[in-house]
file coords00.txt (compact mmCIF, C-alpha atoms and all ligand atoms)
# COMPACT_ATOMS: atom_id res chain seq x y z
CA MET A 1 35.94 386.49 273.49
CA THR A 2 34.95 385.75 277.06
CA LYS A 3 31.91 383.57 277.63
CA ARG A 4 29.86 386.55 278.74
CA SER A 5 30.62 388.83 275.81
CA TRP A 6 30.08 385.95 273.37
CA ARG A 7 26.62 385.59 274.77
CA ARG A 8 25.93 389.25 274.46
CA ARG A 9 27.40 389.78 271.02
CA VAL A 10 26.29 386.68 269.20
CA LEU A 11 23.65 384.75 271.08
CA LEU A 12 21.30 387.64 271.88
CA PRO A 13 21.09 389.01 268.31
CA VAL A 14 20.63 385.49 266.90
CA VAL A 15 17.83 384.71 269.35
CA GLY A 16 16.30 388.10 268.56
CA ILE A 17 16.36 387.52 264.81
CA ILE A 18 14.94 384.00 265.09
CA SER A 19 12.12 385.05 267.39
CA SER A 20 11.19 388.02 265.19
CA ALA A 21 11.13 385.68 262.20
CA VAL A 22 8.80 383.32 264.07
CA LEU A 23 6.59 386.25 265.04
CA VAL A 24 6.42 387.61 261.51
CA ALA A 25 5.63 384.13 260.17
CA GLY A 26 2.33 384.43 262.07
CA CYS A 27 1.38 387.07 259.51
CA GLY A 28 1.39 384.47 256.70
CA PRO A 29 -0.46 385.31 253.50
CA ASP A 30 -3.18 382.66 253.71
CA ASN A 31 -5.04 383.48 256.89
CA SER A 32 -7.84 385.39 255.09
CA GLN A 33 -7.00 388.38 257.30
CA ASN A 34 -4.13 389.90 255.38
CA SER A 35 -4.43 393.64 254.79
CA LEU A 36 -1.48 393.36 252.36
CA GLN A 37 -3.65 391.12 250.17
CA PRO A 38 -6.63 393.39 249.51
CA ALA A 39 -9.74 391.87 247.94
CA GLY A 40 -11.89 394.98 247.95
CA GLU A 41 -11.78 398.40 246.34
CA GLU A 42 -11.40 400.27 249.65
CA ALA A 43 -8.76 397.90 251.06
CA ARG A 44 -6.81 398.25 247.80
CA LYS A 45 -6.73 402.04 248.13
CA ILE A 46 -5.50 401.71 251.72
CA ASP A 47 -2.85 399.20 250.63
CA ASP A 48 -1.66 401.49 247.79
CA LEU A 49 -1.28 404.38 250.23
CA PHE A 50 0.50 402.12 252.70
CA MET A 51 2.99 400.98 250.05
CA PHE A 52 3.61 404.59 248.95
CA VAL A 53 4.44 405.58 252.56
CA VAL A 54 6.53 402.43 253.11
CA VAL A 55 8.72 403.29 250.09
CA ILE A 56 9.35 406.83 251.37
CA ALA A 57 9.99 405.52 254.88
CA ALA A 58 12.35 402.84 253.54
CA PHE A 59 14.46 405.45 251.69
CA ILE A 60 14.70 407.57 254.83
CA GLY A 61 15.44 404.51 256.96
CA VAL A 62 18.23 403.31 254.66
CA PHE A 63 19.68 406.83 254.46
CA VAL A 64 19.77 407.17 258.26
CA VAL A 65 21.15 403.70 258.96
CA VAL A 66 23.83 403.86 256.25
CA GLY A 67 24.77 407.40 257.33
CA THR A 68 25.06 406.34 260.98
CA VAL A 69 27.21 403.30 260.19
CA TYR A 70 29.37 405.33 257.79
CA ALA A 71 29.94 408.09 260.39
CA ALA A 72 30.67 405.56 263.14
CA ILE A 73 33.37 403.87 261.05
CA ARG A 74 34.80 406.92 259.30
CA PHE A 75 35.10 409.03 262.46
CA ARG A 76 35.87 406.29 264.97
CA ALA A 77 38.42 406.97 267.72
CA ARG A 78 41.89 405.84 266.79
CA PRO A 79 44.80 405.67 269.19
CA GLY A 80 47.13 408.64 268.99
CA ARG A 81 44.86 410.72 266.79
CA ASP A 82 42.65 413.63 267.74
CA ASP A 83 39.87 413.32 265.18
CA ARG A 84 37.67 416.14 266.37
CA PRO A 85 35.54 417.20 263.38
CA LYS A 86 35.39 420.72 262.09
CA GLN A 87 33.02 422.76 264.32
CA THR A 88 30.20 424.69 262.58
CA HIS A 89 27.87 427.28 264.11
CA GLY A 90 24.85 429.08 262.69
CA ASN A 91 24.82 427.63 259.19
CA THR A 92 21.63 429.16 257.74
CA ALA A 93 21.50 426.96 254.67
CA LEU A 94 21.74 423.79 256.78
CA GLU A 95 19.09 424.93 259.25
CA VAL A 96 16.60 425.99 256.61
CA GLY A 97 17.29 422.73 254.77
CA TRP A 98 16.63 420.39 257.67
CA THR A 99 13.46 422.26 258.59
CA LEU A 100 12.04 422.39 255.08
CA LEU A 101 12.90 418.88 253.93
CA PRO A 102 10.94 417.05 256.68
CA ALA A 103 8.03 419.48 256.18
CA VAL A 104 7.96 418.64 252.47
CA ILE A 105 8.16 414.90 253.20
CA LEU A 106 5.29 415.15 255.72
CA ALA A 107 3.19 417.12 253.23
CA VAL A 108 3.82 414.50 250.53
CA VAL A 109 2.49 411.84 252.95
CA ALA A 110 -0.34 413.94 254.40
CA VAL A 111 -2.05 415.03 251.18
CA PRO A 112 -2.91 411.55 249.84
CA THR A 113 -3.67 410.29 253.38
CA ILE A 114 -6.24 412.97 254.12
CA SER A 115 -7.78 412.79 250.67
CA LEU A 116 -8.17 408.99 251.09
CA ILE A 117 -9.91 409.50 254.45
CA PHE A 118 -12.51 411.66 252.68
CA ASP A 119 -12.70 409.29 249.74
CA LEU A 120 -13.44 406.29 252.02
CA ASN A 121 -16.22 408.25 253.75
CA GLU A 122 -18.16 409.04 250.57
CA PRO A 123 -21.92 408.86 251.07
CA LYS A 124 -23.76 405.67 250.26
CA LYS A 125 -24.07 404.83 246.55
CA PRO A 126 -27.66 404.44 245.28
CA ASP A 127 -27.34 400.71 244.53
CA ALA A 128 -25.49 399.87 247.77
CA VAL A 129 -26.66 397.03 250.01
CA GLU A 130 -27.36 398.42 253.46
CA ILE A 131 -26.69 396.19 256.46
CA ILE A 132 -26.70 396.98 260.17
CA ALA A 133 -24.05 395.36 262.38
CA VAL A 134 -24.64 395.38 266.11
CA GLY A 135 -21.59 394.62 268.24
CA LYS A 136 -22.51 392.54 271.30
CA GLN A 137 -20.45 390.85 273.99
CA TRP A 138 -18.95 388.85 272.25
CA TRP A 139 -20.54 388.32 268.87
CA TRP A 140 -21.91 390.25 265.91
CA GLN A 141 -25.54 390.55 264.93
CA PHE A 142 -26.24 391.38 261.27
CA GLU A 143 -29.56 392.90 260.20
CA TYR A 144 -30.81 393.20 256.64
CA PRO A 145 -33.49 395.92 256.75
CA ALA A 146 -37.05 395.31 255.59
CA GLN A 147 -37.41 395.96 251.85
CA ASP A 148 -40.21 395.99 249.27
CA GLY A 149 -42.72 394.74 251.84
CA GLU A 150 -40.42 391.88 252.88
CA PRO A 151 -39.52 391.66 256.59
CA ARG A 152 -36.02 392.32 257.84
CA VAL A 153 -33.59 389.47 258.43
CA VAL A 154 -31.59 389.12 261.65
CA THR A 155 -28.65 386.75 261.77
CA ALA A 156 -25.27 386.32 263.47
CA ASN A 157 -21.59 385.68 262.79
CA GLU A 158 -21.87 385.31 259.01
CA LEU A 159 -22.35 388.34 256.80
CA HIS A 160 -23.55 387.48 253.28
CA VAL A 161 -22.93 390.14 250.63
CA PRO A 162 -23.02 390.30 246.82
CA VAL A 163 -19.77 390.61 244.87
CA GLY A 164 -18.89 393.88 243.12
CA ARG A 165 -21.60 395.95 244.82
CA GLU A 166 -20.98 398.48 247.56
CA VAL A 167 -21.97 397.25 251.01
CA PHE A 168 -22.89 400.11 253.31
CA MET A 169 -22.55 399.06 256.96
CA LYS A 170 -24.28 400.94 259.78
CA LEU A 171 -22.32 400.08 262.90
CA ARG A 172 -24.07 400.16 266.26
CA ALA A 173 -23.41 399.18 269.84
CA CYS A 174 -26.99 399.88 270.94
CA ASP A 175 -29.78 397.64 269.76
CA PRO A 176 -32.99 399.65 269.26
CA SER A 177 -35.00 396.41 269.39
CA LEU A 178 -33.90 395.89 273.00
CA PRO A 179 -34.66 399.16 274.74
CA GLY A 180 -31.90 400.25 277.06
CA GLU A 181 -29.46 397.65 275.80
CA CYS A 182 -26.21 399.29 274.85
CA ASN A 183 -22.94 397.45 274.56
CA VAL A 184 -19.33 398.53 275.08
CA ILE A 185 -17.09 399.86 272.29
CA HIS A 186 -16.18 397.33 269.60
CA SER A 187 -14.45 397.76 266.26
CA PHE A 188 -15.54 396.25 262.96
CA TRP A 189 -12.62 395.01 260.88
CA VAL A 190 -12.32 392.82 257.78
CA PRO A 191 -8.66 393.38 256.86
CA GLU A 192 -8.95 392.25 253.23
CA LEU A 193 -11.99 394.45 252.55
CA ASN A 194 -11.47 397.72 254.43
CA GLY A 195 -9.87 399.32 257.48
CA LYS A 196 -11.22 399.34 261.02
CA ARG A 197 -14.16 401.39 262.23
CA ASP A 198 -15.16 401.76 265.87
CA VAL A 199 -18.63 400.73 267.01
CA MET A 200 -19.71 403.21 269.67
CA PRO A 201 -22.58 403.26 272.15
CA GLY A 202 -24.83 406.26 271.48
CA ARG A 203 -23.77 406.89 267.92
CA GLN A 204 -23.80 405.26 264.53
CA ASN A 205 -20.64 404.98 262.46
CA THR A 206 -20.72 403.82 258.88
CA LEU A 207 -18.27 401.93 256.70
CA SER A 208 -18.54 400.80 253.10
CA PHE A 209 -16.68 398.09 251.28
CA THR A 210 -16.89 396.58 247.81
CA ALA A 211 -15.61 393.01 247.50
CA GLU A 212 -13.92 392.24 244.18
CA LYS A 213 -13.95 388.44 244.33
CA GLU A 214 -16.32 385.81 245.64
CA GLY A 215 -15.02 383.98 248.69
CA VAL A 216 -14.90 383.98 252.45
CA TYR A 217 -13.11 386.77 254.31
CA PHE A 218 -12.42 386.79 258.03
CA GLY A 219 -13.40 389.64 260.29
CA GLN A 220 -12.44 390.33 263.86
CA CYS A 221 -13.41 392.76 266.58
CA ALA A 222 -10.47 395.14 266.83
CA GLU A 223 -11.25 397.06 270.00
CA TYR A 224 -10.72 395.37 273.34
CA CYS A 225 -14.22 394.70 274.70
CA GLY A 226 -13.70 392.33 277.63
CA LEU A 227 -13.21 388.67 278.39
CA SER A 228 -13.82 387.06 274.98
CA HIS A 229 -12.69 389.92 272.76
CA ALA A 230 -10.09 387.71 271.07
CA ASN A 231 -12.80 385.19 270.13
CA MET A 232 -15.10 387.82 268.63
CA ARG A 233 -14.76 386.85 265.00
CA PHE A 234 -17.05 386.80 262.00
CA ARG A 235 -17.03 385.81 258.35
CA VAL A 236 -17.94 387.76 255.27
CA ILE A 237 -19.31 385.45 252.60
CA VAL A 238 -19.11 387.15 249.21
CA GLN A 239 -21.49 385.60 246.68
CA SER A 240 -22.79 386.23 243.17
CA GLU A 241 -25.90 388.44 242.98
CA ASP A 242 -28.10 385.37 242.38
CA GLU A 243 -26.68 383.34 245.26
CA TYR A 244 -26.99 386.35 247.54
CA ALA A 245 -30.62 386.95 246.55
CA ASP A 246 -31.43 383.24 247.12
CA TRP A 247 -29.76 383.32 250.49
CA LEU A 248 -31.68 386.43 251.58
CA ALA A 249 -34.98 384.96 250.37
CA SER A 250 -34.38 381.71 252.26
CA GLN A 251 -33.54 383.63 255.44
CA ARG A 252 -36.88 385.43 255.19
CA GLU A 253 -38.79 382.17 255.25
CA GLY A 254 -40.31 380.76 258.42
CA PRO A 255 -38.55 377.97 260.34
CA ALA A 256 -38.13 374.60 258.62
CA VAL A 257 -39.51 372.98 261.79
CA THR A 258 -41.71 374.87 264.25
CA LEU A 259 -41.36 374.48 268.02
CA ALA A 260 -44.66 372.61 268.05
CA GLN A 261 -43.51 370.23 265.30
CA ALA A 262 -40.23 369.65 267.15
CA GLY A 263 -42.15 367.78 269.89
CA GLU A 264 -40.05 366.84 272.92
CA ALA A 265 -37.00 368.83 271.70
CA GLY A 266 -39.24 371.89 271.26
CA ASN A 267 -40.47 371.42 274.81
CA LEU A 268 -36.92 371.18 276.19
CA PHE A 269 -35.94 374.30 274.26
CA SER A 270 -38.89 376.47 275.23
CA ALA A 271 -40.37 375.18 278.49
CA LYS A 272 -37.89 373.04 280.42
CA TYR A 273 -34.67 375.04 279.80
CA ALA A 274 -36.24 378.35 278.70
CA CYS A 275 -33.73 378.92 275.90
CA THR A 276 -36.50 381.12 274.47
CA ASN A 277 -35.75 383.71 277.16
CA CYS A 278 -32.76 384.72 275.07
CA HIS A 279 -33.24 383.09 271.65
CA THR A 280 -35.88 382.68 269.00
CA THR A 281 -36.19 379.80 266.53
CA GLU A 282 -39.49 380.95 265.07
CA ASP A 283 -38.96 384.34 263.47
CA SER A 284 -35.86 385.52 261.60
CA SER A 285 -36.97 389.17 261.80
CA LEU A 286 -36.61 389.40 265.57
CA SER A 287 -33.65 390.78 267.44
CA VAL A 288 -33.45 389.16 270.86
CA TYR A 289 -30.72 388.99 273.52
CA GLY A 290 -28.83 386.03 272.00
CA PRO A 291 -28.23 385.12 268.35
CA ASN A 292 -31.36 384.53 266.26
CA LEU A 293 -31.47 380.75 265.68
CA THR A 294 -34.31 380.55 263.14
CA HIS A 295 -31.91 379.47 260.38
CA LEU A 296 -28.97 378.36 262.49
CA ALA A 297 -28.28 375.30 260.31
CA SER A 298 -27.69 377.53 257.27
CA ARG A 299 -24.51 378.83 258.93
CA SER A 300 -21.13 377.10 258.85
CA VAL A 301 -19.85 378.46 262.15
CA PHE A 302 -21.34 379.48 265.47
CA ALA A 303 -20.34 381.12 268.75
CA SER A 304 -18.92 384.33 267.29
CA GLY A 305 -17.52 382.38 264.38
CA TYR A 306 -15.19 380.48 266.69
CA TYR A 307 -16.53 376.93 266.24
CA LYS A 308 -17.53 374.93 263.18
CA LEU A 309 -21.20 374.10 263.28
CA THR A 310 -21.00 370.33 263.86
CA LYS A 311 -23.29 368.23 265.99
CA ALA A 312 -20.52 367.36 268.46
CA ASN A 313 -19.58 371.03 268.97
CA LEU A 314 -23.21 372.03 269.29
CA VAL A 315 -23.97 369.40 271.95
CA ASP A 316 -20.95 370.52 274.00
CA TRP A 317 -22.08 374.14 273.60
CA ILE A 318 -25.65 373.50 274.72
CA LEU A 319 -24.41 371.64 277.81
CA ASN A 320 -21.69 374.04 278.82
CA ALA A 321 -21.18 377.09 276.59
CA PRO A 322 -19.03 379.05 279.07
CA SER A 323 -16.43 376.25 278.97
CA MET A 324 -15.99 376.82 275.22
CA ILE A 325 -15.84 380.62 275.19
CA PRO A 326 -15.20 382.53 278.40
CA MET A 327 -18.36 384.45 279.36
CA GLU A 328 -19.61 386.20 282.49
CA SER A 329 -22.70 384.09 282.56
CA LYS A 330 -23.05 382.71 286.08
CA GLU A 331 -26.13 384.85 286.67
CA CYS A 332 -27.63 384.20 283.26
CA ARG A 333 -31.05 382.77 282.99
CA LEU A 334 -33.19 385.64 281.84
CA PRO A 335 -31.92 388.22 279.41
CA PRO A 336 -29.99 390.89 281.31
CA GLY A 337 -31.96 393.61 283.06
CA PRO A 338 -32.14 395.30 286.42
CA GLY A 339 -30.96 392.86 289.08
CA ASN A 340 -29.83 390.29 286.51
CA VAL A 341 -26.19 390.80 285.58
CA CYS A 342 -25.51 388.51 282.66
CA VAL A 343 -23.08 388.51 279.77
CA GLY A 344 -23.41 385.42 277.62
CA MET A 345 -25.11 382.06 277.91
CA PRO A 346 -25.43 379.93 281.05
CA SER A 347 -23.97 376.50 281.61
CA TYR A 348 -26.62 373.80 281.98
CA VAL A 349 -24.31 371.42 283.85
CA ASN A 350 -22.25 373.68 286.18
CA ASP A 351 -23.85 376.42 288.27
CA THR A 352 -27.09 375.93 286.39
CA PRO A 353 -29.51 378.84 286.43
CA PRO A 354 -31.54 378.88 289.65
CA GLY A 355 -34.49 376.55 289.59
CA LEU A 356 -33.33 374.57 286.56
CA PRO A 357 -32.33 370.89 286.62
CA THR A 358 -28.92 369.76 285.31
CA MET A 359 -29.19 368.93 281.62
CA THR A 360 -28.41 365.38 280.48
CA ARG A 361 -26.35 364.71 277.37
CA SER A 362 -29.26 363.00 275.66
CA GLU A 363 -31.40 366.10 276.19
CA ALA A 364 -28.63 368.23 274.67
CA VAL A 365 -28.47 365.84 271.70
CA GLN A 366 -32.23 366.20 271.15
CA ILE A 367 -31.98 369.99 271.22
CA ALA A 368 -28.96 369.90 268.87
CA ASP A 369 -30.83 367.68 266.40
CA TYR A 370 -33.73 370.13 266.42
CA LEU A 371 -31.45 373.17 265.94
CA LEU A 372 -29.58 371.39 263.11
CA SER A 373 -32.89 370.88 261.29
CA LEU A 374 -33.34 374.67 261.12
CA LYS A 375 -31.90 375.15 257.62
CU CU B 401 -13.78 393.31 270.93
call {"tool": "encode", "arguments": {"input": "coords00.txt", "output": "structure tokens"}}
result
Amino acid sequence: MTKRSWRRRVLLPVVGIISSAVLVAGCGPDNSQNSLQPAGEEARKIDDLFMFVVVIAAFIGVFVVVGTVYAAIRFRARPGRDDRPKQTHGNTALEVGWTLLPAVILAVVAVPTISLIFDLNEPKKPDAVEIIAVGKQWWWQFEYPAQDGEPRVVTANELHVPVGREVFMKLRACDPSLPGECNVIHSFWVPELNGKRDVMPGRQNTLSFTAEKEGVYFGQCAEYCGLSHANMRFRVIVQSEDEYADWLASQREGPAVTLAQAGEAGNLFSAKYACTNCHTTEDSSLSVYGPNLTHLASRSVFASGYYKLTKANLVDWILNAPSMIPMESKECRLPPGPGNVCVGMPSYVNDTPPGLPTMTRSEAVQIADYLLSLK
């Protein structure tokens, strides 16, 4: 073998196989985002259908590959021999056969696929938990509607649901609490619980899932929505009925520390740096431009589920959020509106909002301590 053909015949395939193996290893089983490891009724049905189609496809694939290799070897050119195969024209049986067989195979795949699409779109069950998800750039707001005289709960990044009960999600890109605020298209996806569903401006899609086991499942926006799309994650925390009810009740309570009680930190948060233009720490039933922070400290992650909620991360975030998650937030001071183009949260150390001083680290620490007291 010459050097060149050795490269082509051995090296390239080997490199190809190794790099595919590395790529596929990224789909490991333990990333909490494995649609082949369903943990919900709906995801299980999708997985069963997928496996059924894979088996059919594998048979066809093996048949085609083996047939091709067999024909290539059996009918290969050999010196001194004219191996032209027998020529056939207008064989009715063959032609009917290769038209009907694929049609039958497609029908076998189509019938369960279409029936599952209808099955997954069944109307809400009477005992279902109804939750509204609003896709924003680039985080998820979750709203638990008002019930039995109790106010609604607005939170972000972490979706708490009870185990074994249907969760009926209303998916929106427009937030009726903020008139005129519509977002771009997102897609709500928790691979271990159900398939994807687009979140569209101007309409409401719905999606239900029923988690079978308690635990934490990872979700991800699955429709490209701009700069930080890849960071737009969330968590689904599946709890027992009692834990879920306790969580919801605690979210309905007022803040553990009011702005007035927070003293200097409260003043930095509301007056000096006007965080209250986009956030609230006083009322968990309000939907505002940024995430509702009334019970921030009850969450384990923040910033679209991208960072663990630790004091160090929070201080860095308060000082310079756009350095931790790319955002188009140079113009951000007030919530967006006419003449104020803003996507995200401003930096308080670089390009600070007009008229605001540069924040010191000790101020950020004071604000972080206050926010971390909001259990
Ligand atoms: Cu997205």
call {"tool": "closest_atom_pairs", "arguments": {"input": "coords00.txt", "of": "chain A", "to": "ligand CU 401 (chain B)", "cutoff": "9 Å", "atoms": "all atoms listed in the file", "output": "CSV"}}
result
residue,atom,partner,partner_atom,distance
A:Gly135,CA,B:CU401,CU,8.4
A:Lys136,CA,B:CU401,CU,8.8
A:Gln137,CA,B:CU401,CU,7.7
A:Trp138,CA,B:CU401,CU,7.0
A:Trp139,CA,B:CU401,CU,8.7
A:Val184,CA,B:CU401,CU,8.7
A:Ile185,CA,B:CU401,CU,7.5
A:His186,CA,B:CU401,CU,4.9
A:Ser187,CA,B:CU401,CU,6.5
A:Phe188,CA,B:CU401,CU,8.7
A:Gln220,CA,B:CU401,CU,7.8
A:Cys221,CA,B:CU401,CU,4.4
A:Ala222,CA,B:CU401,CU,5.6
A:Glu223,CA,B:CU401,CU,4.6
A:Tyr224,CA,B:CU401,CU,4.4
A:Cys225,CA,B:CU401,CU,4.0
A:Gly226,CA,B:CU401,CU,6.8
A:Leu227,CA,B:CU401,CU,8.8
A:Ser228,CA,B:CU401,CU,7.4
A:His229,CA,B:CU401,CU,4.0
A:Ala230,CA,B:CU401,CU,6.7
A:Asn231,CA,B:CU401,CU,8.2
A:Met232,CA,B:CU401,CU,6.1
A:Arg233,CA,B:CU401,CU,8.8
call {"tool": "closest_residue", "arguments": {"input": "coords00.txt", "among": "A:Asn313, A:Cys182, A:Leu371, A:Ile18", "to": "Ala265 of chain A", "atoms": "all atoms listed in the file"}}
result
A:Leu371
call {"tool": "atom_distance", "arguments": {"input": "coords00.txt", "atom1": "atom CA of Pro353 of chain A", "atom2": "atom CA of Pro326 of chain A"}}
result
16.8 Å
call {"tool": "residues_around", "arguments": {"input": "coords00.txt", "residues": "His295 of chain A", "least_positions_apart": "5", "cutoff": "12 Å", "atoms": "only C-alpha atoms", "output": "PyMOL selection string"}}
result
chain A and resi 153-156+158+247-258+279-285+300+302+370-375
call {"tool": "write_last_selection", "arguments": {"input": "coords00.txt", "atoms": "C-alpha atoms", "output": "PDB file, in the coordinates of the input"}}
result
ATOM      1  CA  VAL A 153     -33.590 389.470 258.430  1.00  0.00           C
ATOM      2  CA  VAL A 154     -31.590 389.120 261.650  1.00  0.00           C
ATOM      3  CA  THR A 155     -28.650 386.750 261.770  1.00  0.00           C
ATOM      4  CA  ALA A 156     -25.270 386.320 263.470  1.00  0.00           C
ATOM      5  CA  GLU A 158     -21.870 385.310 259.010  1.00  0.00           C
ATOM      6  CA  TRP A 247     -29.760 383.320 250.490  1.00  0.00           C
ATOM      7  CA  LEU A 248     -31.680 386.430 251.580  1.00  0.00           C
ATOM      8  CA  ALA A 249     -34.980 384.960 250.370  1.00  0.00           C
ATOM      9  CA  SER A 250     -34.380 381.710 252.260  1.00  0.00           C
ATOM     10  CA  GLN A 251     -33.540 383.630 255.440  1.00  0.00           C
ATOM     11  CA  ARG A 252     -36.880 385.430 255.190  1.00  0.00           C
ATOM     12  CA  GLU A 253     -38.790 382.170 255.250  1.00  0.00           C
ATOM     13  CA  GLY A 254     -40.310 380.760 258.420  1.00  0.00           C
ATOM     14  CA  PRO A 255     -38.550 377.970 260.340  1.00  0.00           C
ATOM     15  CA  ALA A 256     -38.130 374.600 258.620  1.00  0.00           C
ATOM     16  CA  VAL A 257     -39.510 372.980 261.790  1.00  0.00           C
ATOM     17  CA  THR A 258     -41.710 374.870 264.250  1.00  0.00           C
ATOM     18  CA  HIS A 279     -33.240 383.090 271.650  1.00  0.00           C
ATOM     19  CA  THR A 280     -35.880 382.680 269.000  1.00  0.00           C
ATOM     20  CA  THR A 281     -36.190 379.800 266.530  1.00  0.00           C
ATOM     21  CA  GLU A 282     -39.490 380.950 265.070  1.00  0.00           C
ATOM     22  CA  ASP A 283     -38.960 384.340 263.470  1.00  0.00           C
ATOM     23  CA  SER A 284     -35.860 385.520 261.600  1.00  0.00           C
ATOM     24  CA  SER A 285     -36.970 389.170 261.800  1.00  0.00           C
ATOM     25  CA  SER A 300     -21.130 377.100 258.850  1.00  0.00           C
ATOM     26  CA  PHE A 302     -21.340 379.480 265.470  1.00  0.00           C
ATOM     27  CA  TYR A 370     -33.730 370.130 266.420  1.00  0.00           C
ATOM     28  CA  LEU A 371     -31.450 373.170 265.940  1.00  0.00           C
ATOM     29  CA  LEU A 372     -29.580 371.390 263.110  1.00  0.00           C
ATOM     30  CA  SER A 373     -32.890 370.880 261.290  1.00  0.00           C
ATOM     31  CA  LEU A 374     -33.340 374.670 261.120  1.00  0.00           C
ATOM     32  CA  LYS A 375     -31.900 375.150 257.620  1.00  0.00           C
TER      33      LYS A 375
END
call {"tool": "atom_distance", "arguments": {"input": "coords00.txt", "atom1": "atom CA of Val111 of chain A", "atom2": "atom CA of Ala58 of chain A"}}
result
19.0 Å
call {"tool": "atom_distance", "arguments": {"input": "coords00.txt", "atom1": "atom CA of Ile237 of chain A", "atom2": "atom CA of Phe218 of chain A"}}
result
8.9 Å
call {"tool": "closest_atom_pairs", "arguments": {"input": "coords00.txt", "of": "segment 104-133 of chain A", "to": "segment 35-42 of chain A", "cutoff": "10 Å", "atoms": "all atoms listed in the file", "output": "Markdown table"}}
result
| residue | atom | partner | partner_atom | distance |
| --- | --- | --- | --- | --- |
| A:Leu116 | CA | A:Glu42 | CA | 9.4 |
| A:Asp119 | CA | A:Glu42 | CA | 9.1 |
| A:Leu120 | CA | A:Glu42 | CA | 6.8 |
call {"tool": "residues_around", "arguments": {"input": "coords00.txt", "residues": "segment 96-106 of chain A", "least_positions_apart": "3", "cutoff": "10 Å", "atoms": "only C-alpha atoms", "output": "ChimeraX atom specification"}}
result
/A:56-57,60,91-93,109-111
call {"tool": "write_last_selection", "arguments": {"input": "coords00.txt", "atoms": "C-alpha atoms", "output": "JSON list (two decimals), keeping the file's coordinate frame"}}
result
[["chain", "number", "residue", "atom", "x", "y", "z"],
["A", 56, "ILE", "CA", 9.35, 406.83, 251.37],
["A", 57, "ALA", "CA", 9.99, 405.52, 254.88],
["A", 60, "ILE", "CA", 14.70, 407.57, 254.83],
["A", 91, "ASN", "CA", 24.82, 427.63, 259.19],
["A", 92, "THR", "CA", 21.63, 429.16, 257.74],
["A", 93, "ALA", "CA", 21.50, 426.96, 254.67],
["A", 109, "VAL", "CA", 2.49, 411.84, 252.95],
["A", 110, "ALA", "CA", -0.34, 413.94, 254.40],
["A", 111, "VAL", "CA", -2.05, 415.03, 251.18]]
